[in-house]
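> Would you mind keeping the following structure in view while I ask a few things?
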Amino acid sequence: MARGGKAFKAVAKGMAVVASAAAVIERRRRAAMAADPHELAVPALAEGHGFAEGHVPAAAEAPSPVPVPRADPAPAPTGAAVAAPSGAPVPTTRAVPTAHAGLGREYHPGRPATPAEAVPWGLRVAAESTWRLLLLGAALYVVFYVVDMLRLVAFSVLASLLIAALLEPSVSWLRRHGAPRSLAAGGVFLSGLAGIGLVGWFVVWQVSTNLPDVTAQVKDGVNQLRDWLITGPLHLTQQQIKDFADQITKAITTNTDQLTSASITGAQIAVEVLTALLMTFFTTFFLLYDGERIWSWALRGLPRNSRFAMAGAGPKAWATLTAYVRGTVCVAFIDAVCIGIGIDLLGVPLAMPLAVIIFLGAFVPLVGALVTGTVAVLIALVTQNPWTALMVLVLLIAVMQVESHILQPLILGRAVRVHPLGVVLGVAAGGIVGGIGGAVVAVPLIAVTNTVVTHLRRRNEAGQAVFTALEAAREAAERTAAATPGPAAEPASAAPAAPAAE
């Protein structure tokens with residue numbers, strides 16, 4: 001019981017000391033703020049909790065707070081004790097932290113120093129990420145704006161890259177077998193031009209040969225459609241159909257100016273297309289002839305620290321582009337052959353030209369052959385009957401399913417690792433930005449970008465792993481050297497001294 005009473009008295013004394021110190025702190029703070037609100041100072045206890053060193057007052061003699069006069073607002077220096085009239089030190093004041101100085105408000109230890117610190121961390125991260133995303137979006141907008149201004153040059157270069165990726169393996173094969181570089185590049189380039197010319201001639205020949213029959217079938221289909229509008233569920237009259245045709249004719253005759261401007265625009269488009277073709281052929285030849293030097297020249301334009309990384313990413317990107325183009329050509333050929341044979345068996349005219357159109361459209365993955373195949377559906381609807389058109393549509397959907405689930409994974413393999421959703425979104429975005437050309441180059445651009453980013457990420461990870469291994473080896477060597485005793489090195493130094501002593 002005696003020990004418990006002593007402990008209780010000690011606790012009471014401690015509580016009295018704390019209460020007295022808190023009262024002194026509060027009075028000095030209020031006095032300082034009342035004297036000068038701009039000089040914010042927080043009182044702090046001196047050593048010994050405001051009492052003389054070694055003096056522990058009893059519970060009955062707890063000291064009363066020492067008042068501070070309002071006429072002297074100047075705080076004492078930091079860490080210095082102010083002597084009271086009784087000789088005992090009184091609490092001193094410590095300066096307000098620098099972040100709170102001059103803010104004109106009461107300092108509180110739990111209050112943030114600046115308004116930015118009061119913002120939640122998640123909101124600050126969101127704000128930082130947002131302005132960086134906005135900056136990146138602005139940069140992409142500028143890039144797309146420049147590309148749109150120079151769309152002829154941009155599409156010519158991209159088309160040249162695709163054609164060169166298709167023809168470059170042949171050039172490499174000829175050079176490996178001893179053919180000169182100029183002869184190999186020129187021969188493959190001229191062969192490619194001849195192939196494109198033969199395909200164009202074949203399409204024109206087929207269309208001109210079958211055009212009269214198709215025209216007659218279209219007229220019969222239009223007459224059947226008119227009869228269906230009269231006798232079908234719509235129950236239109238001859239006069240209503242005639243009025244509709246007259247309105248179309250009137251619209252054509254009253255918009256002569258617009259048609260003239262459209263023809264002028266068409267002429268401008270023809271000139272632009274011819275210019276783009278010439279630039280494409282010119283660029284393709286030099287890519288086949290001097291592609292390695294062009295790539296070395298492009299690397300010299302990069303910062304010095306980025307050249308080695310991009311020098312390794314370039315061949316991988318070119319391999320991805322080559323695999324994509326060759327695989328796409330193979331898939332497009334299979335699609336065109338299957339659909340062409342199918343529509344020919346169904347009796348749809350112009351089966352061969354339609355197959356060529358589908359082949360060209362299949363260069364847009366997943367959706368290109370389906371979109372160009374709708375031409376075959378329309379021709380079947382006009383020249384045959386709705387059931388034939390429905391069968392053609394079913395054939396198109398079946399071929400697209402085979403392409404997406406069998407042909408592309410089997411032929412392209414792992415060379416082009418792009419998810420089908422990314423392909424569809426990329427084609428849509430490319431079509432919105434650059435039309436048909438944008439839809440064609442969107443997927444290879446995504447594939448090449450994915451390859452470059454993957455290579456750079458793996459290179460950084462490998463570099464980090466090497467750096468970590470070197471640091472671990474250095475630390476192990478230092479630990480080994482520290483653990484080796486010092487006298488072990490003395491015999492080595494003392495060994496050559498023996499002959500001298502003799």
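Residues in the structure tokens are numbered from 1 in each chain, the chains being A, B, ... in the order shown, and ligands are numbered from 1 in the order shown.
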Write out as CSV the residues of range 355-454 of chain A that have any atom within 12 Å of an atom of range 314-325 of chain A, one row each with the nearest atom pair and its distance in Å to one decimal, counting only C-alpha atoms, sorted by chain and then rising number.

```
residue,atom,partner,partner_atom,distance
A:Ala362,CA,A:Val325,CA,11.5
A:Phe363,CA,A:Val325,CA,8.6
A:Val364,CA,A:Val325,CA,11.0
A:Pro365,CA,A:Tyr324,CA,10.6
A:Gln408,CA,A:Tyr324,CA,9.9
A:Pro409,CA,A:Tyr324,CA,11.6
A:Ile411,CA,A:Ala323,CA,9.1
A:Leu412,CA,A:Tyr324,CA,6.6
A:Gly413,CA,A:Ala323,CA,9.2
A:Arg414,CA,A:Thr320,CA,9.4
A:Ala415,CA,A:Thr320,CA,5.7
A:Val416,CA,A:Thr320,CA,6.3
A:Arg417,CA,A:Thr320,CA,9.4
A:Val418,CA,A:Tyr324,CA,10.9
A:Val440,CA,A:Val325,CA,11.0
A:Val441,CA,A:Val325,CA,10.6
A:Val443,CA,A:Tyr324,CA,9.2
A:Pro444,CA,A:Leu321,CA,6.4
A:Leu445,CA,A:Leu321,CA,8.5
A:Ile446,CA,A:Leu321,CA,10.2
A:Ala447,CA,A:Thr320,CA,7.2
A:Val448,CA,A:Ala317,CA,5.2
A:Thr449,CA,A:Ala317,CA,7.7
A:Asn450,CA,A:Ala317,CA,8.8
A:Thr451,CA,A:Ala317,CA,5.9
A:Val452,CA,A:Ala317,CA,6.2
A:Val453,CA,A:Ala317,CA,9.9
A:Thr454,CA,A:Lys316,CA,10.1
```
> Could you list, as JSON, numbers by chain, every residue within 12 Å of Pro353 in chain A, counting only C-alpha atoms and ignoring same-chain residues fewer than 5 positions away?
{"A": [199, 200, 201, 202, 203, 204, 205, 206, 207, 208, 209, 210, 211, 336, 337, 339, 340, 341, 343, 344, 348, 358, 359, 360, 372, 373, 375, 376]}
> Dump N, CA and C atoms for the selected residues as a PDB file, in the first residue's frame?

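Written out: part_15.pdb:
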```pdb
ATOM      1  N   VAL A 199      -2.313  -6.651-112.863  1.00  0.00           N
ATOM      2  CA  VAL A 199      -3.549  -6.741-112.065  1.00  0.00           C
ATOM      3  C   VAL A 199      -4.541  -5.670-112.501  1.00  0.00           C
ATOM      4  N   GLY A 200      -4.050  -4.417-112.696  1.00  0.00           N
ATOM      5  CA  GLY A 200      -4.948  -3.357-113.152  1.00  0.00           C
ATOM      6  C   GLY A 200      -5.527  -3.644-114.527  1.00  0.00           C
ATOM      7  N   TRP A 201      -4.678  -4.146-115.422  1.00  0.00           N
ATOM      8  CA  TRP A 201      -5.183  -4.470-116.768  1.00  0.00           C
ATOM      9  C   TRP A 201      -6.222  -5.583-116.709  1.00  0.00           C
ATOM     10  N   PHE A 202      -6.019  -6.567-115.858  1.00  0.00           N
ATOM     11  CA  PHE A 202      -6.968  -7.669-115.751  1.00  0.00           C
ATOM     12  C   PHE A 202      -8.327  -7.181-115.249  1.00  0.00           C
ATOM     13  N   VAL A 203      -8.314  -6.292-114.268  1.00  0.00           N
ATOM     14  CA  VAL A 203      -9.581  -5.772-113.744  1.00  0.00           C
ATOM     15  C   VAL A 203     -10.313  -4.980-114.813  1.00  0.00           C
ATOM     16  N   VAL A 204      -9.587  -4.087-115.503  1.00  0.00           N
ATOM     17  CA  VAL A 204     -10.228  -3.280-116.548  1.00  0.00           C
ATOM     18  C   VAL A 204     -10.768  -4.173-117.673  1.00  0.00           C
ATOM     19  N   TRP A 205     -10.000  -5.185-118.045  1.00  0.00           N
ATOM     20  CA  TRP A 205     -10.435  -6.079-119.117  1.00  0.00           C
ATOM     21  C   TRP A 205     -11.699  -6.838-118.733  1.00  0.00           C
ATOM     22  N   GLN A 206     -11.741  -7.354-117.519  1.00  0.00           N
ATOM     23  CA  GLN A 206     -12.914  -8.090-117.077  1.00  0.00           C
ATOM     24  C   GLN A 206     -14.151  -7.196-116.989  1.00  0.00           C
ATOM     25  N   VAL A 207     -13.975  -5.989-116.484  1.00  0.00           N
ATOM     26  CA  VAL A 207     -15.124  -5.078-116.361  1.00  0.00           C
ATOM     27  C   VAL A 207     -15.635  -4.664-117.726  1.00  0.00           C
ATOM     28  N   SER A 208     -14.737  -4.316-118.651  1.00  0.00           N
ATOM     29  CA  SER A 208     -15.176  -3.892-119.985  1.00  0.00           C
ATOM     30  C   SER A 208     -15.816  -5.046-120.759  1.00  0.00           C
ATOM     31  N   THR A 209     -15.359  -6.257-120.517  1.00  0.00           N
ATOM     32  CA  THR A 209     -15.926  -7.402-121.223  1.00  0.00           C
ATOM     33  C   THR A 209     -17.333  -7.727-120.730  1.00  0.00           C
ATOM     34  N   ASN A 210     -17.542  -7.675-119.447  1.00  0.00           N
ATOM     35  CA  ASN A 210     -18.826  -8.061-118.863  1.00  0.00           C
ATOM     36  C   ASN A 210     -19.762  -6.894-118.599  1.00  0.00           C
ATOM     37  N   LEU A 211     -19.339  -5.676-118.948  1.00  0.00           N
ATOM     38  CA  LEU A 211     -20.164  -4.516-118.635  1.00  0.00           C
ATOM     39  C   LEU A 211     -21.513  -4.530-119.336  1.00  0.00           C
ATOM     40  N   ALA A 336      -9.618 -13.770-101.363  1.00  0.00           N
ATOM     41  CA  ALA A 336     -10.116 -13.443-102.699  1.00  0.00           C
ATOM     42  C   ALA A 336     -10.444 -14.709-103.485  1.00  0.00           C
ATOM     43  N   VAL A 337      -9.602 -15.721-103.385  1.00  0.00           N
ATOM     44  CA  VAL A 337      -9.859 -16.963-104.124  1.00  0.00           C
ATOM     45  C   VAL A 337     -11.138 -17.643-103.624  1.00  0.00           C
ATOM     46  N   ILE A 339     -13.748 -16.351-101.934  1.00  0.00           N
ATOM     47  CA  ILE A 339     -14.964 -15.579-102.210  1.00  0.00           C
ATOM     48  C   ILE A 339     -15.241 -15.545-103.707  1.00  0.00           C
ATOM     49  N   GLY A 340     -14.191 -15.404-104.520  1.00  0.00           N
ATOM     50  CA  GLY A 340     -14.400 -15.394-105.963  1.00  0.00           C
ATOM     51  C   GLY A 340     -15.002 -16.690-106.466  1.00  0.00           C
ATOM     52  N   ILE A 341     -14.487 -17.834-105.998  1.00  0.00           N
ATOM     53  CA  ILE A 341     -15.058 -19.124-106.414  1.00  0.00           C
ATOM     54  C   ILE A 341     -16.493 -19.248-105.940  1.00  0.00           C
ATOM     55  N   ILE A 343     -18.831 -16.831-105.255  1.00  0.00           N
ATOM     56  CA  ILE A 343     -19.799 -16.002-105.978  1.00  0.00           C
ATOM     57  C   ILE A 343     -19.916 -16.439-107.440  1.00  0.00           C
ATOM     58  N   ASP A 344     -18.848 -17.029-107.991  1.00  0.00           N
ATOM     59  CA  ASP A 344     -18.962 -17.550-109.349  1.00  0.00           C
ATOM     60  C   ASP A 344     -19.896 -18.767-109.388  1.00  0.00           C
ATOM     61  N   VAL A 348     -23.140 -15.079-109.774  1.00  0.00           N
ATOM     62  CA  VAL A 348     -23.027 -13.616-109.734  1.00  0.00           C
ATOM     63  C   VAL A 348     -22.053 -13.187-110.818  1.00  0.00           C
ATOM     64  N   ILE A 358     -11.825  -7.563-103.700  1.00  0.00           N
ATOM     65  CA  ILE A 358     -11.780  -8.127-102.350  1.00  0.00           C
ATOM     66  C   ILE A 358     -10.336  -8.359-101.917  1.00  0.00           C
ATOM     67  N   PHE A 359      -9.474  -8.757-102.856  1.00  0.00           N
ATOM     68  CA  PHE A 359      -8.057  -8.940-102.540  1.00  0.00           C
ATOM     69  C   PHE A 359      -7.427  -7.631-102.080  1.00  0.00           C
ATOM     70  N   LEU A 360      -7.727  -6.550-102.786  1.00  0.00           N
ATOM     71  CA  LEU A 360      -7.178  -5.250-102.389  1.00  0.00           C
ATOM     72  C   LEU A 360      -7.762  -4.786-101.052  1.00  0.00           C
ATOM     73  N   THR A 372     -15.492  -4.586 -98.789  1.00  0.00           N
ATOM     74  CA  THR A 372     -15.453  -4.677-100.252  1.00  0.00           C
ATOM     75  C   THR A 372     -16.350  -5.795-100.770  1.00  0.00           C
ATOM     76  N   GLY A 373     -16.607  -6.811 -99.953  1.00  0.00           N
ATOM     77  CA  GLY A 373     -17.499  -7.879-100.382  1.00  0.00           C
ATOM     78  C   GLY A 373     -18.949  -7.454-100.478  1.00  0.00           C
ATOM     79  N   VAL A 375     -19.973  -5.118-102.170  1.00  0.00           N
ATOM     80  CA  VAL A 375     -20.217  -4.830-103.592  1.00  0.00           C
ATOM     81  C   VAL A 375     -20.769  -6.073-104.279  1.00  0.00           C
ATOM     82  N   ALA A 376     -20.207  -7.228-103.957  1.00  0.00           N
ATOM     83  CA  ALA A 376     -20.719  -8.475-104.529  1.00  0.00           C
ATOM     84  C   ALA A 376     -22.145  -8.746-104.065  1.00  0.00           C
TER      85      ALA A 376
END
```
> With distances taken over only C-alpha atoms, which residue among A:Val331, A:Ala429, A:Ala439, A:Ala465 lies nearest Leu410 in chain A?
A:Val331
> Using only C-alpha atoms, which of A:Phe144, A:Leu456, A:Leu133, A:Leu288 sits nearest Met310 in chain A?
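So, comparing all the options, the nearest one is A:Leu456.
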> Find the spatial neighbours of Leu166 in chain A, counting only C-alpha atoms, within a cut-off of 8 Å - ignore same-chain residues fewer than 2 positions away - and output them as a PDB file with N, CA, C and O atoms, in the first residue's frame.

```pdb
ATOM      1  N   LEU A 162       5.593  -0.160 -97.099  1.00  0.00           N
ATOM      2  CA  LEU A 162       4.862  -1.425 -97.216  1.00  0.00           C
ATOM      3  C   LEU A 162       5.302  -2.201 -98.458  1.00  0.00           C
ATOM      4  O   LEU A 162       5.528  -3.423 -98.395  1.00  0.00           O
ATOM      5  N   ILE A 163       5.431  -1.503 -99.586  1.00  0.00           N
ATOM      6  CA  ILE A 163       5.851  -2.192-100.811  1.00  0.00           C
ATOM      7  C   ILE A 163       7.285  -2.686-100.692  1.00  0.00           C
ATOM      8  O   ILE A 163       7.619  -3.803-101.117  1.00  0.00           O
ATOM      9  N   ALA A 164       8.166  -1.848-100.101  1.00  0.00           N
ATOM     10  CA  ALA A 164       9.560  -2.270 -99.928  1.00  0.00           C
ATOM     11  C   ALA A 164       9.662  -3.465 -98.981  1.00  0.00           C
ATOM     12  O   ALA A 164      10.489  -4.359 -99.187  1.00  0.00           O
ATOM     13  N   GLU A 168      11.581  -6.507-100.446  1.00  0.00           N
ATOM     14  CA  GLU A 168      12.961  -6.555 -99.962  1.00  0.00           C
ATOM     15  C   GLU A 168      13.512  -7.966 -99.796  1.00  0.00           C
ATOM     16  O   GLU A 168      14.705  -8.193-100.076  1.00  0.00           O
ATOM     17  N   PRO A 169      12.722  -8.961 -99.347  1.00  0.00           N
ATOM     18  CA  PRO A 169      13.296 -10.317 -99.284  1.00  0.00           C
ATOM     19  C   PRO A 169      13.807 -10.828-100.628  1.00  0.00           C
ATOM     20  O   PRO A 169      14.824 -11.533-100.678  1.00  0.00           O
ATOM     21  N   THR A 322       7.874  -6.611 -92.330  1.00  0.00           N
ATOM     22  CA  THR A 322       7.995  -7.575 -93.424  1.00  0.00           C
ATOM     23  C   THR A 322       7.071  -8.775 -93.215  1.00  0.00           C
ATOM     24  O   THR A 322       6.372  -9.219 -94.138  1.00  0.00           O
ATOM     25  N   VAL A 325       3.380  -7.680 -93.825  1.00  0.00           N
ATOM     26  CA  VAL A 325       3.000  -7.464 -95.223  1.00  0.00           C
ATOM     27  C   VAL A 325       2.899  -8.801 -95.957  1.00  0.00           C
ATOM     28  O   VAL A 325       1.927  -9.064 -96.688  1.00  0.00           O
ATOM     29  N   ARG A 326       3.880  -9.664 -95.787  1.00  0.00           N
ATOM     30  CA  ARG A 326       3.841 -10.959 -96.474  1.00  0.00           C
ATOM     31  C   ARG A 326       2.666 -11.804 -95.992  1.00  0.00           C
ATOM     32  O   ARG A 326       1.972 -12.446 -96.796  1.00  0.00           O
TER      33      ARG A 326
END
```
